Amino acid sequence: METIGKESFDFTKVATQASGSVWYQKGGTIILASVAVDEEKVIDEDFLPLTVQYIEKAYANAKFPSGFIKRESKPSDFETLTSRIIDRTLRPLFPSTYRHPTQISVLVLSYDGECDLQVSALNAASSALFVSSIPLSYPTCAVRVGRGESGFILNPSAKELEEGKLDLYISGYEDHILMIEMRTMRQDHNANELSEEELCQAIELAKSEIAKTSRAYKEAFEPSKKPTFEIKHHTLPEIAEIESLVCEKYYQDLSKAINQMAKSERMVELQKLAQKIAQECGLEYERVFLAIEKAKRKAVREMILKEGKRADNRGLKDVRPISIETNVLPFAHGSCLFKRGQTQALVVATLGGEQDAQTYELLGDKAPSKERFMVHYNFPGFSVGEASLIGAPGRRELGHGNLGKRALESNLSDKRVVRLVSEILESNGSSSMATVCGGSLALRASGVECDNLVAGVAMGLIKEGEEYAILTDIMGLEDHEGDMDFKVAGSSKGVSALQMDIKLGGISPQILREALLQAKEGRMHILSLMEESAKKIVKNDAILPICESFYVEPDRIVEIIGAGGKTIKEIIEKFGVTIDLDRNNGEVRVSGIGSERLSQSKDYILSLLQKPKARSEKIDLTIYPQGLRFRGKVKKMVDFGAFIELPQGGDGLLHIRKIKNKNASLVEGEEIECVVLSSESNKVELDLV
């Protein structure tokens, strides 16, 4: 067993028949990571057949799986996104000729509620991969950076991260950064965007920790590393001669095909060219296509590095032409048709009430939580000219939707439940950033309160030796043949979200800084066009719900609800509105279509509260100190809990969550043993003994 800091790694404890495995422990969190390789099989495609699965076991936190079926099945969004984070970090480490099917499984077996699961899962997976029989040179590690009032925080606690302003996740090895995920969090009514300079400082802090940790890993894990196997290569005939033939006799045809790829992500033109050459020269199609692929990659990269020209004749810093239409859907709350080059996103906003929020549950949660802002991204096959069925969202769709949410959420000041759906209608690169731009305008078009407009741009990199070129607003061809996919989103005040993947095996601080500053130029250009479009928005007022908030005494919220929710149901049915209540501060939020019905419902609620309270005299609830035990009668059962008669007058609330936690079944009139949890804000909160 190896111990590094607070982490311990045991490479011989379990799963010893796997190519590599580790029993990872940090505090009370235990993770099993394993690597399985088919050393005999080699796939035909020019693709790394790597699959990563991150799975959380419900028993890890003494829970049953939520839902009707009490067995782990479909992965949660968090599990899917964590699998992607691990995959994106480890994939660049494999040799370029590696084609063996490889499976990395990461199982969370115990969770203490404190450990950063995404950091630990990557560290466990990387260590298992490093000691496996796959020939890799270095283990990677991950670091998270937060930001509080006193500055940046390295590997913040769960509480520090939740209360902070930044969530920056970086993985890499030695001095090389492989992947970045970053978002800012809304605190103190501010979006808290980071400037490019501040972002570089945070990245440098993480980079120094990664270098120190990865070197410690390598030194500690080296003795446990298994003998590596020899990578098998395809026995295809030499294709260098065919590549030379393509460049000499068919270069004009290749240039035309590349030009067509600048207009579409499809490779149809290359396939046609391969068929033509194969027929004319009597060669095998597979060999010709591989040669064309190599020639195409070389041509695209040389054009950019030597001539400073791109396949669609743009300059390196040029953004493709943009067109914007808002509220193109007359019966949607808000919509935007955003087009940049050959990428087109229709983003639609829908506003709702508390009952429309998405319920979800994380491994460390004791109770379900509510997601009030949702971004759903759809990528149908027809967007790239493919004949394929539209099915359930995959990892790519979930990842792009999550990036869009992270980019927009910190600027969202509206308290209503909001759902954004991005339908990608046409794609040639950077569809996730089109989702951000269109999403920001769709929110504005639906009347949702936001601090600033947010735009996003995807950056690329072509690097050969010391020579490199940074590309603004990359298309599909440049993404495929390039060395970096760097998505930057933010407002005019700074960066709100960032996602970076490196295919080189690392990136220097100088290139990273240049890419950030070049991305800022592109973002400000796009924002200027979005601002002009926002001025022309005509809202769908006839169907647009509006919201009005007012406050009442917190202890009188129960009177609005009524016995068994009867009163609030009557108000909702009578005025056709949605009502959300906050029992802590007494806020009442009424939503509906038309200001008149909102005003009428508000007046009706206030008139109800003008009636005298049920009890004739005000009771000083501070006479019930925390920890006081008593036996009280169940006075009334309601949908959110039970009101218990207090021994010296007044009622205390036993929340439904407390009842469920004790598996209790209460009926009105029975006496039960209770304890006072708190007596603040004119209310007494109880728990069962």
# chains A, B, ... in the order shown; residues from 1 in each chain; ligands from 1
>>> select_by_dssp(residues="range 272-428 of chain A", states="alpha helix (DSSP H)", output="PyMOL selection string")
chain A and resi 272-281+285-307+395-409
>>> residues_around(residues="Met267 in chain A", least_positions_apart="6", cutoff="12 Å", atoms="only C-alpha atoms", output="PyMOL selection string")
chain A and resi 254+257-261+273-274+289+292-293+296+384-386+428+476-477+480
>>> write_last_selection(atoms="N, CA and C atoms", output="PDB file, in the first residue's frame")
ATOM      1  N   LEU A 254      -8.295  17.187 -53.620  1.00  0.00           N
ATOM      2  CA  LEU A 254      -8.226  17.166 -52.156  1.00  0.00           C
ATOM      3  C   LEU A 254      -8.585  18.535 -51.579  1.00  0.00           C
ATOM      4  N   ALA A 257     -12.270  19.004 -51.642  1.00  0.00           N
ATOM      5  CA  ALA A 257     -12.912  18.201 -50.595  1.00  0.00           C
ATOM      6  C   ALA A 257     -12.753  18.865 -49.235  1.00  0.00           C
ATOM      7  N   ILE A 258     -11.570  19.422 -48.991  1.00  0.00           N
ATOM      8  CA  ILE A 258     -11.321  20.123 -47.718  1.00  0.00           C
ATOM      9  C   ILE A 258     -12.210  21.348 -47.621  1.00  0.00           C
ATOM     10  N   ASN A 259     -12.365  22.045 -48.753  1.00  0.00           N
ATOM     11  CA  ASN A 259     -13.237  23.220 -48.773  1.00  0.00           C
ATOM     12  C   ASN A 259     -14.676  22.844 -48.455  1.00  0.00           C
ATOM     13  N   GLN A 260     -15.119  21.669 -48.945  1.00  0.00           N
ATOM     14  CA  GLN A 260     -16.464  21.194 -48.626  1.00  0.00           C
ATOM     15  C   GLN A 260     -16.576  20.839 -47.147  1.00  0.00           C
ATOM     16  N   MET A 261     -15.511  20.293 -46.564  1.00  0.00           N
ATOM     17  CA  MET A 261     -15.532  19.955 -45.136  1.00  0.00           C
ATOM     18  C   MET A 261     -15.590  21.204 -44.272  1.00  0.00           C
ATOM     19  N   LEU A 273     -13.670  10.996 -53.176  1.00  0.00           N
ATOM     20  CA  LEU A 273     -12.331  11.109 -53.751  1.00  0.00           C
ATOM     21  C   LEU A 273     -11.576   9.792 -53.622  1.00  0.00           C
ATOM     22  N   ALA A 274     -11.730   9.128 -52.477  1.00  0.00           N
ATOM     23  CA  ALA A 274     -11.058   7.840 -52.268  1.00  0.00           C
ATOM     24  C   ALA A 274     -11.563   6.801 -53.273  1.00  0.00           C
ATOM     25  N   PHE A 289      -8.209   5.617 -48.656  1.00  0.00           N
ATOM     26  CA  PHE A 289      -8.862   6.530 -47.711  1.00  0.00           C
ATOM     27  C   PHE A 289      -7.913   6.902 -46.564  1.00  0.00           C
ATOM     28  N   ILE A 292      -5.539   9.457 -47.884  1.00  0.00           N
ATOM     29  CA  ILE A 292      -6.195  10.763 -48.027  1.00  0.00           C
ATOM     30  C   ILE A 292      -6.348  11.439 -46.673  1.00  0.00           C
ATOM     31  N   GLU A 293      -6.690  10.663 -45.642  1.00  0.00           N
ATOM     32  CA  GLU A 293      -6.816  11.219 -44.293  1.00  0.00           C
ATOM     33  C   GLU A 293      -5.501  11.856 -43.845  1.00  0.00           C
ATOM     34  N   LYS A 296      -4.861  14.952 -45.962  1.00  0.00           N
ATOM     35  CA  LYS A 296      -5.778  16.028 -45.547  1.00  0.00           C
ATOM     36  C   LYS A 296      -5.301  16.704 -44.269  1.00  0.00           C
ATOM     37  N   VAL A 384     -25.967  17.158 -39.017  1.00  0.00           N
ATOM     38  CA  VAL A 384     -24.729  16.944 -39.767  1.00  0.00           C
ATOM     39  C   VAL A 384     -24.994  16.057 -40.987  1.00  0.00           C
ATOM     40  N   GLY A 385     -26.266  15.982 -41.402  1.00  0.00           N
ATOM     41  CA  GLY A 385     -26.618  15.251 -42.604  1.00  0.00           C
ATOM     42  C   GLY A 385     -26.627  13.747 -42.465  1.00  0.00           C
ATOM     43  N   GLU A 386     -26.718  13.255 -41.223  1.00  0.00           N
ATOM     44  CA  GLU A 386     -26.718  11.807 -41.012  1.00  0.00           C
ATOM     45  C   GLU A 386     -28.146  11.286 -40.895  1.00  0.00           C
ATOM     46  N   ASN A 428     -21.400  22.604 -37.546  1.00  0.00           N
ATOM     47  CA  ASN A 428     -20.039  22.510 -38.068  1.00  0.00           C
ATOM     48  C   ASN A 428     -19.106  23.135 -37.046  1.00  0.00           C
ATOM     49  N   GLY A 476     -15.714  22.170 -37.450  1.00  0.00           N
ATOM     50  CA  GLY A 476     -15.526  20.751 -37.196  1.00  0.00           C
ATOM     51  C   GLY A 476     -14.209  20.214 -37.717  1.00  0.00           C
ATOM     52  N   LEU A 477     -13.792  20.648 -38.917  1.00  0.00           N
ATOM     53  CA  LEU A 477     -12.540  20.191 -39.506  1.00  0.00           C
ATOM     54  C   LEU A 477     -11.355  20.554 -38.630  1.00  0.00           C
ATOM     55  N   HIS A 480     -11.231  18.462 -35.468  1.00  0.00           N
ATOM     56  CA  HIS A 480     -10.760  17.101 -35.717  1.00  0.00           C
ATOM     57  C   HIS A 480      -9.252  17.051 -35.942  1.00  0.00           C
TER      58      HIS A 480
END
>>> residues_around(residues="range 544-550 of chain A", least_positions_apart="4", cutoff="7 Å", atoms="only C-alpha atoms", output="list of chain:residue names")
A:His333, A:Asn540, A:Glu587, A:Val588, A:Arg589, A:Val590, A:Ser591, A:Gly592, A:Ile593
>>> closest_residue(among="A:Phe64, A:Phe130, A:Tyr169, A:Tyr59", to="Arg144 in chain A", atoms="only C-alpha atoms")
A:Tyr169
>>> residues_around(residues="range 561-577 of chain A", least_positions_apart="6", cutoff="12 Å", atoms="only C-alpha atoms", output="compact mmCIF listing (two decimals) with all heavy atoms, in the first residue's frame")
# COMPACT_ATOMS: atom_id res chain seq x y z
N GLY A 352 -41.51 28.38 -15.32
CA GLY A 352 -42.43 27.59 -14.52
C GLY A 352 -42.40 27.96 -13.06
O GLY A 352 -41.73 28.91 -12.65
N GLY A 353 -43.12 27.17 -12.27
CA GLY A 353 -43.17 27.36 -10.83
C GLY A 353 -42.41 26.28 -10.10
O GLY A 353 -41.76 25.42 -10.72
N PRO A 545 -45.69 34.42 -18.70
CA PRO A 545 -46.04 34.51 -17.28
C PRO A 545 -45.21 35.58 -16.58
O PRO A 545 -44.05 35.80 -16.92
CB PRO A 545 -45.70 33.11 -16.74
CG PRO A 545 -44.65 32.60 -17.65
CD PRO A 545 -44.93 33.20 -19.00
N ILE A 546 -45.85 36.26 -15.64
CA ILE A 546 -45.13 37.24 -14.84
C ILE A 546 -45.20 36.82 -13.38
O ILE A 546 -46.01 35.98 -13.00
CB ILE A 546 -45.71 38.66 -15.03
CG1 ILE A 546 -47.20 38.67 -14.71
CG2 ILE A 546 -45.45 39.18 -16.43
CD1 ILE A 546 -47.82 40.06 -14.82
N CYS A 547 -44.34 37.38 -12.58
CA CYS A 547 -44.24 36.97 -11.18
C CYS A 547 -44.24 38.20 -10.29
O CYS A 547 -43.63 39.22 -10.61
CB CYS A 547 -42.96 36.16 -10.97
SG CYS A 547 -42.70 35.58 -9.28
N GLU A 548 -44.95 38.10 -9.18
CA GLU A 548 -44.96 39.18 -8.19
C GLU A 548 -44.70 38.57 -6.82
O GLU A 548 -45.28 37.54 -6.46
CB GLU A 548 -46.30 39.92 -8.19
CG GLU A 548 -46.31 41.10 -7.22
CD GLU A 548 -47.55 41.97 -7.39
OE1 GLU A 548 -48.29 41.77 -8.35
OE2 GLU A 548 -47.77 42.83 -6.51
N ASP A 555 -45.06 33.12 10.31
CA ASP A 555 -45.93 32.18 11.03
C ASP A 555 -47.36 32.17 10.47
O ASP A 555 -48.19 31.36 10.90
CB ASP A 555 -45.93 32.49 12.52
CG ASP A 555 -46.52 33.85 12.83
OD1 ASP A 555 -46.46 34.74 11.96
OD2 ASP A 555 -47.03 34.04 13.95
N ARG A 583 -41.40 29.47 3.85
CA ARG A 583 -41.79 29.50 5.26
C ARG A 583 -40.75 30.19 6.13
O ARG A 583 -41.07 30.62 7.24
CB ARG A 583 -42.02 28.08 5.77
CG ARG A 583 -43.17 27.36 5.08
CD ARG A 583 -43.35 25.96 5.64
NE ARG A 583 -43.62 25.99 7.07
CZ ARG A 583 -44.83 26.14 7.60
NH1 ARG A 583 -45.88 26.28 6.81
NH2 ARG A 583 -44.99 26.15 8.91
N VAL A 588 -44.03 35.30 -0.46
CA VAL A 588 -45.09 34.70 -1.27
C VAL A 588 -44.84 35.11 -2.72
O VAL A 588 -44.81 36.31 -3.04
CB VAL A 588 -46.48 35.16 -0.82
CG1 VAL A 588 -47.56 34.51 -1.67
CG2 VAL A 588 -46.71 34.87 0.66
N ARG A 589 -44.64 34.14 -3.61
CA ARG A 589 -44.41 34.42 -5.03
C ARG A 589 -45.61 33.92 -5.82
O ARG A 589 -45.93 32.73 -5.81
CB ARG A 589 -43.13 33.75 -5.53
CG ARG A 589 -41.87 34.31 -4.92
CD ARG A 589 -40.62 33.75 -5.61
NE ARG A 589 -40.50 32.32 -5.45
CZ ARG A 589 -39.94 31.72 -4.42
NH1 ARG A 589 -39.45 32.45 -3.42
NH2 ARG A 589 -39.85 30.40 -4.34
N VAL A 590 -46.26 34.84 -6.51
CA VAL A 590 -47.44 34.50 -7.32
C VAL A 590 -47.07 34.67 -8.79
O VAL A 590 -46.59 35.73 -9.20
CB VAL A 590 -48.64 35.40 -6.97
CG1 VAL A 590 -49.87 34.97 -7.74
CG2 VAL A 590 -48.92 35.37 -5.47
N SER A 591 -47.28 33.61 -9.59
CA SER A 591 -46.94 33.65 -11.02
C SER A 591 -48.17 33.32 -11.83
O SER A 591 -49.00 32.50 -11.44
CB SER A 591 -45.84 32.63 -11.34
OG SER A 591 -44.71 32.84 -10.53
N GLY A 592 -48.29 33.96 -12.99
CA GLY A 592 -49.40 33.69 -13.88
C GLY A 592 -49.36 34.60 -15.08
O GLY A 592 -48.47 35.44 -15.21
N ILE A 593 -50.32 34.44 -15.97
CA ILE A 593 -50.39 35.27 -17.17
C ILE A 593 -51.37 36.40 -16.93
O ILE A 593 -52.53 36.17 -16.62
CB ILE A 593 -50.83 34.43 -18.38
CG1 ILE A 593 -49.82 33.30 -18.63
CG2 ILE A 593 -50.98 35.29 -19.62
CD1 ILE A 593 -50.26 32.32 -19.69
N GLY A 594 -50.87 37.64 -17.08
CA GLY A 594 -51.73 38.81 -16.89
C GLY A 594 -51.56 39.43 -15.52
O GLY A 594 -51.70 38.76 -14.50
N SER A 595 -51.26 40.72 -15.48
CA SER A 595 -51.02 41.42 -14.21
C SER A 595 -52.30 41.55 -13.39
O SER A 595 -52.25 41.61 -12.16
CB SER A 595 -50.44 42.81 -14.49
OG SER A 595 -51.31 43.56 -15.32
N GLU A 596 -53.47 41.57 -14.07
CA GLU A 596 -54.72 41.76 -13.35
C GLU A 596 -55.01 40.58 -12.41
O GLU A 596 -55.35 40.77 -11.25
CB GLU A 596 -55.88 41.95 -14.33
CG GLU A 596 -57.21 42.24 -13.64
CD GLU A 596 -58.32 42.50 -14.64
OE1 GLU A 596 -58.03 42.62 -15.85
OE2 GLU A 596 -59.48 42.56 -14.19
N ARG A 597 -54.87 39.34 -12.91
CA ARG A 597 -55.16 38.19 -12.07
C ARG A 597 -54.13 38.05 -10.94
O ARG A 597 -54.46 37.58 -9.86
CB ARG A 597 -55.24 36.93 -12.90
CG ARG A 597 -53.95 36.48 -13.57
CD ARG A 597 -54.12 35.13 -14.25
NE ARG A 597 -55.13 35.18 -15.30
CZ ARG A 597 -55.50 34.13 -16.02
NH1 ARG A 597 -54.96 32.96 -15.79
NH2 ARG A 597 -56.40 34.23 -16.96
N LEU A 598 -52.87 38.49 -11.20
CA LEU A 598 -51.86 38.47 -10.13
C LEU A 598 -52.24 39.44 -9.03
O LEU A 598 -52.14 39.13 -7.84
CB LEU A 598 -50.48 38.82 -10.69
CG LEU A 598 -49.56 37.63 -10.96
CD1 LEU A 598 -50.11 36.74 -12.05
CD2 LEU A 598 -48.16 38.10 -11.31
N SER A 599 -52.70 40.63 -9.44
CA SER A 599 -53.10 41.64 -8.46
C SER A 599 -54.31 41.17 -7.65
O SER A 599 -54.37 41.35 -6.43
CB SER A 599 -53.42 42.95 -9.19
OG SER A 599 -53.86 43.93 -8.29
N GLN A 600 -55.25 40.51 -8.33
CA GLN A 600 -56.45 40.02 -7.64
C GLN A 600 -56.10 38.91 -6.65
O GLN A 600 -56.61 38.89 -5.52
CB GLN A 600 -57.46 39.50 -8.67
CG GLN A 600 -58.09 40.58 -9.52
CD GLN A 600 -58.98 40.01 -10.61
OE1 GLN A 600 -58.97 38.81 -10.89
NE2 GLN A 600 -59.77 40.88 -11.26
N SER A 601 -55.21 38.01 -7.05
CA SER A 601 -54.84 36.92 -6.15
C SER A 601 -54.06 37.45 -4.95
O SER A 601 -54.23 36.98 -3.82
CB SER A 601 -54.02 35.87 -6.90
OG SER A 601 -52.84 36.43 -7.44
N LYS A 602 -53.20 38.45 -5.17
CA LYS A 602 -52.46 39.05 -4.06
C LYS A 602 -53.43 39.70 -3.07
O LYS A 602 -53.30 39.51 -1.84
CB LYS A 602 -51.48 40.08 -4.60
CG LYS A 602 -50.73 40.84 -3.50
CD LYS A 602 -49.83 41.92 -4.09
CE LYS A 602 -49.17 42.73 -2.98
NZ LYS A 602 -48.31 43.81 -3.54
N ASP A 603 -54.39 40.49 -3.59
CA ASP A 603 -55.36 41.16 -2.71
C ASP A 603 -56.17 40.12 -1.93
O ASP A 603 -56.47 40.32 -0.74
CB ASP A 603 -56.30 42.04 -3.54
CG ASP A 603 -55.58 43.24 -4.15
OD1 ASP A 603 -54.48 43.56 -3.67
OD2 ASP A 603 -56.12 43.82 -5.12
N TYR A 604 -56.50 39.01 -2.58
CA TYR A 604 -57.29 37.97 -1.92
C TYR A 604 -56.50 37.35 -0.77
O TYR A 604 -57.04 37.13 0.32
CB TYR A 604 -57.68 36.91 -2.94
CG TYR A 604 -58.59 35.84 -2.40
CD1 TYR A 604 -59.96 36.05 -2.31
CD2 TYR A 604 -58.08 34.62 -1.95
CE1 TYR A 604 -60.81 35.07 -1.81
CE2 TYR A 604 -58.91 33.64 -1.44
CZ TYR A 604 -60.28 33.86 -1.37
OH TYR A 604 -61.11 32.90 -0.85
N ILE A 605 -55.22 37.08 -1.01
CA ILE A 605 -54.38 36.48 0.04
C ILE A 605 -54.23 37.43 1.21
O ILE A 605 -54.35 37.03 2.39
CB ILE A 605 -52.99 36.11 -0.54
CG1 ILE A 605 -53.12 34.96 -1.54
CG2 ILE A 605 -52.01 35.74 0.57
CD1 ILE A 605 -51.86 34.67 -2.33
N LEU A 606 -53.99 38.70 0.92
CA LEU A 606 -53.82 39.67 2.00
C LEU A 606 -55.12 39.87 2.79
O LEU A 606 -55.10 40.09 4.00
CB LEU A 606 -53.34 41.01 1.43
CG LEU A 606 -51.91 40.99 0.83
CD1 LEU A 606 -51.57 42.33 0.20
CD2 LEU A 606 -50.89 40.64 1.91
N LEU A 608 -57.29 37.53 3.35
CA LEU A 608 -57.40 36.37 4.24
C LEU A 608 -56.63 36.60 5.53
O LEU A 608 -57.08 36.23 6.62
CB LEU A 608 -56.85 35.11 3.55
CG LEU A 608 -57.70 34.45 2.46
CD1 LEU A 608 -56.93 33.27 1.87
CD2 LEU A 608 -59.02 33.97 3.04
N LEU A 609 -55.48 37.24 5.40
CA LEU A 609 -54.61 37.43 6.56
C LEU A 609 -55.05 38.59 7.44
O LEU A 609 -54.50 38.78 8.52
CB LEU A 609 -53.16 37.65 6.10
CG LEU A 609 -52.55 36.50 5.28
CD1 LEU A 609 -51.11 36.81 4.93
CD2 LEU A 609 -52.63 35.19 6.05
N LYS A 635 -52.03 17.93 16.47
CA LYS A 635 -53.20 18.79 16.33
C LYS A 635 -53.75 18.75 14.90
O LYS A 635 -54.96 18.72 14.69
CB LYS A 635 -52.82 20.22 16.70
CG LYS A 635 -53.99 21.17 16.85
CD LYS A 635 -53.52 22.50 17.41
CE LYS A 635 -54.67 23.47 17.59
NZ LYS A 635 -54.20 24.76 18.13
N LYS A 636 -52.84 18.76 13.91
CA LYS A 636 -53.29 18.79 12.52
C LYS A 636 -52.22 18.18 11.62
O LYS A 636 -51.03 18.47 11.77
CB LYS A 636 -53.58 20.23 12.09
CG LYS A 636 -54.14 20.36 10.68
CD LYS A 636 -54.29 21.82 10.28
CE LYS A 636 -55.27 22.56 11.16
NZ LYS A 636 -55.46 23.96 10.70
N MET A 637 -52.65 17.35 10.67
CA MET A 637 -51.75 16.78 9.66
C MET A 637 -51.89 17.57 8.36
O MET A 637 -53.02 17.83 7.91
CB MET A 637 -52.08 15.31 9.40
CG MET A 637 -51.83 14.38 10.57
SD MET A 637 -50.09 14.24 11.02
CE MET A 637 -49.40 13.58 9.50
N VAL A 638 -50.80 18.01 7.79
CA VAL A 638 -50.80 18.72 6.52
C VAL A 638 -49.80 18.04 5.59
O VAL A 638 -49.04 17.17 6.00
CB VAL A 638 -50.44 20.21 6.71
CG1 VAL A 638 -51.54 20.96 7.43
CG2 VAL A 638 -49.13 20.37 7.47
N ASP A 639 -49.79 18.46 4.31
CA ASP A 639 -48.94 17.75 3.34
C ASP A 639 -47.46 17.95 3.60
O ASP A 639 -46.63 17.17 3.13
CB ASP A 639 -49.28 18.19 1.91
CG ASP A 639 -49.19 19.68 1.72
OD1 ASP A 639 -48.98 20.40 2.71
OD2 ASP A 639 -49.32 20.13 0.55
N PHE A 640 -47.07 19.00 4.33
CA PHE A 640 -45.65 19.23 4.59
C PHE A 640 -45.25 18.83 6.02
O PHE A 640 -44.14 19.11 6.46
CB PHE A 640 -45.28 20.70 4.33
CG PHE A 640 -46.15 21.69 5.08
CD1 PHE A 640 -45.87 22.07 6.38
CD2 PHE A 640 -47.26 22.24 4.45
CE1 PHE A 640 -46.67 22.97 7.05
CE2 PHE A 640 -48.07 23.15 5.12
CZ PHE A 640 -47.77 23.52 6.43
N GLY A 641 -46.14 18.20 6.77
CA GLY A 641 -45.78 17.76 8.12
C GLY A 641 -46.97 17.70 9.05
O GLY A 641 -48.10 17.44 8.64
N ALA A 642 -46.70 17.96 10.34
CA ALA A 642 -47.76 17.91 11.34
C ALA A 642 -47.56 19.04 12.35
O ALA A 642 -46.42 19.38 12.70
CB ALA A 642 -47.74 16.55 12.06
N PHE A 643 -48.67 19.63 12.81
CA PHE A 643 -48.61 20.63 13.87
C PHE A 643 -48.88 19.94 15.21
O PHE A 643 -49.87 19.22 15.37
CB PHE A 643 -49.64 21.74 13.63
CG PHE A 643 -49.26 22.66 12.50
CD1 PHE A 643 -49.83 22.53 11.25
CD2 PHE A 643 -48.29 23.63 12.69
CE1 PHE A 643 -49.47 23.35 10.20
CE2 PHE A 643 -47.92 24.47 11.64
CZ PHE A 643 -48.50 24.33 10.41
>>> residues_around(residues="Gly669 in chain A", least_positions_apart="3", cutoff="10 Å", atoms="only C-alpha atoms", output="list of chain:residue names")
A:Gly632, A:Lys633, A:Val634, A:Lys635, A:Lys636, A:Met637, A:Ile644, A:Glu645, A:Leu666, A:Ile672
>>> atom_distance(atom1="CA of Arg297 in chain A", atom2="CA of Leu50 in chain A")
22.8 Å
>>> closest_residue(among="A:Leu677, A:Leu166, A:Met524, A:Leu129", to="Val37 in chain A", atoms="only C-alpha atoms")
A:Leu129
>>> residues_around(residues="range 650-658 of chain A", least_positions_apart="2", cutoff="9 Å", atoms="only C-alpha atoms", output="PyMOL selection string")
chain A and resi 367+615+618-621+635+638-648+660-664+674+676+679+683-688
>>> atom_distance(atom1="CA of Asn61 in chain A", atom2="CA of Asp116 in chain A")
14.2 Å
>>> closest_residue(among="A:Leu117, A:Ala216, A:Ile474, A:Leu398", to="Thr3 in chain A", atoms="only C-alpha atoms")
A:Ala216
>>> closest_residue(among="A:Asp188, A:Glu230, A:Asp253, A:Asp175", to="Glu40 in chain A", atoms="only C-alpha atoms")
A:Glu230
>>> residues_around(residues="range 248-251 of chain A", least_positions_apart="2", cutoff="12 Å", atoms="only C-alpha atoms", output="compact mmCIF listing (two decimals) with N, CA and C atoms, in the first residue's frame")
# COMPACT_ATOMS: atom_id res chain seq x y z
N GLU A 241 3.32 5.84 -50.17
CA GLU A 241 3.37 6.04 -51.62
C GLU A 241 2.04 6.56 -52.15
N ILE A 242 0.95 6.03 -51.60
CA ILE A 242 -0.37 6.50 -52.03
C ILE A 242 -0.58 7.95 -51.60
N GLU A 243 -0.09 8.29 -50.41
CA GLU A 243 -0.20 9.67 -49.93
C GLU A 243 0.54 10.62 -50.88
N SER A 244 1.73 10.20 -51.33
CA SER A 244 2.49 11.01 -52.29
C SER A 244 1.73 11.14 -53.61
N LEU A 245 1.10 10.06 -54.01
CA LEU A 245 0.31 10.07 -55.23
C LEU A 245 -0.84 11.07 -55.13
N VAL A 246 -1.53 11.06 -53.98
CA VAL A 246 -2.65 11.98 -53.76
C VAL A 246 -2.17 13.43 -53.84
N ASP A 253 -8.22 18.14 -56.22
CA ASP A 253 -9.42 17.43 -55.76
C ASP A 253 -9.47 17.40 -54.23
N LEU A 254 -8.29 17.19 -53.62
CA LEU A 254 -8.23 17.17 -52.16
C LEU A 254 -8.59 18.53 -51.58
N SER A 255 -8.09 19.60 -52.21
CA SER A 255 -8.39 20.96 -51.74
C SER A 255 -9.88 21.25 -51.81
N LYS A 256 -10.53 20.79 -52.91
CA LYS A 256 -11.98 20.99 -53.03
C LYS A 256 -12.73 20.23 -51.93
N ALA A 257 -12.27 19.00 -51.64
CA ALA A 257 -12.91 18.20 -50.60
C ALA A 257 -12.75 18.87 -49.24
N ILE A 258 -11.57 19.42 -48.99
CA ILE A 258 -11.32 20.12 -47.72
C ILE A 258 -12.21 21.35 -47.62
N LEU A 270 -14.46 13.35 -49.10
CA LEU A 270 -13.24 12.56 -49.01
C LEU A 270 -13.50 11.12 -49.44
N LEU A 273 -13.67 11.00 -53.18
CA LEU A 273 -12.33 11.11 -53.75
C LEU A 273 -11.58 9.79 -53.62
N ALA A 274 -11.73 9.13 -52.48
CA ALA A 274 -11.06 7.84 -52.27
C ALA A 274 -11.56 6.80 -53.27
N LYS A 276 -12.79 7.43 -56.24
CA LYS A 276 -12.30 7.84 -57.56
C LYS A 276 -10.86 7.37 -57.77
N ILE A 277 -9.99 7.63 -56.78
CA ILE A 277 -8.58 7.25 -56.91
C ILE A 277 -8.43 5.74 -56.94
N ALA A 278 -9.21 5.06 -56.10
CA ALA A 278 -9.13 3.59 -56.05
C ALA A 278 -9.49 2.98 -57.41
N GLU A 280 -9.45 4.59 -60.47
CA GLU A 280 -8.54 5.03 -61.53
C GLU A 280 -7.17 4.38 -61.42
N CYS A 281 -6.72 4.11 -60.19
CA CYS A 281 -5.36 3.59 -59.98
C CYS A 281 -5.34 2.11 -59.62
N VAL A 288 -6.46 3.73 -49.75
CA VAL A 288 -6.55 5.07 -50.33
C VAL A 288 -7.15 6.05 -49.33
N ALA A 291 -4.69 7.05 -46.72
CA ALA A 291 -3.70 7.97 -47.29
C ALA A 291 -4.28 9.37 -47.44
N ILE A 292 -5.54 9.46 -47.88
CA ILE A 292 -6.19 10.76 -48.03
C ILE A 292 -6.35 11.44 -46.67
N ALA A 295 -3.03 12.88 -45.81
CA ALA A 295 -2.75 14.03 -46.67
C ALA A 295 -3.62 15.23 -46.28
N LYS A 296 -4.86 14.95 -45.96
CA LYS A 296 -5.78 16.03 -45.55
C LYS A 296 -5.30 16.70 -44.27
N LYS A 298 -2.30 16.84 -43.04
CA LYS A 298 -1.07 17.58 -43.31
C LYS A 298 -1.37 18.88 -44.04
N ALA A 299 -2.29 18.82 -45.03
CA ALA A 299 -2.62 20.01 -45.83
C ALA A 299 -3.29 21.09 -44.98
>>> select_by_dssp(residues="range 225-422 of chain A", states="strand (DSSP E or B)", output="JSON, numbers by chain")
{"A": [322, 323, 324, 325, 326, 334, 335, 336, 337, 338, 339, 340, 343, 344, 345, 346, 347, 348, 349, 350, 351, 352, 358, 359, 360, 369, 370, 371, 373, 374, 375, 376, 377, 378, 412, 417, 418, 419, 420, 421, 422]}
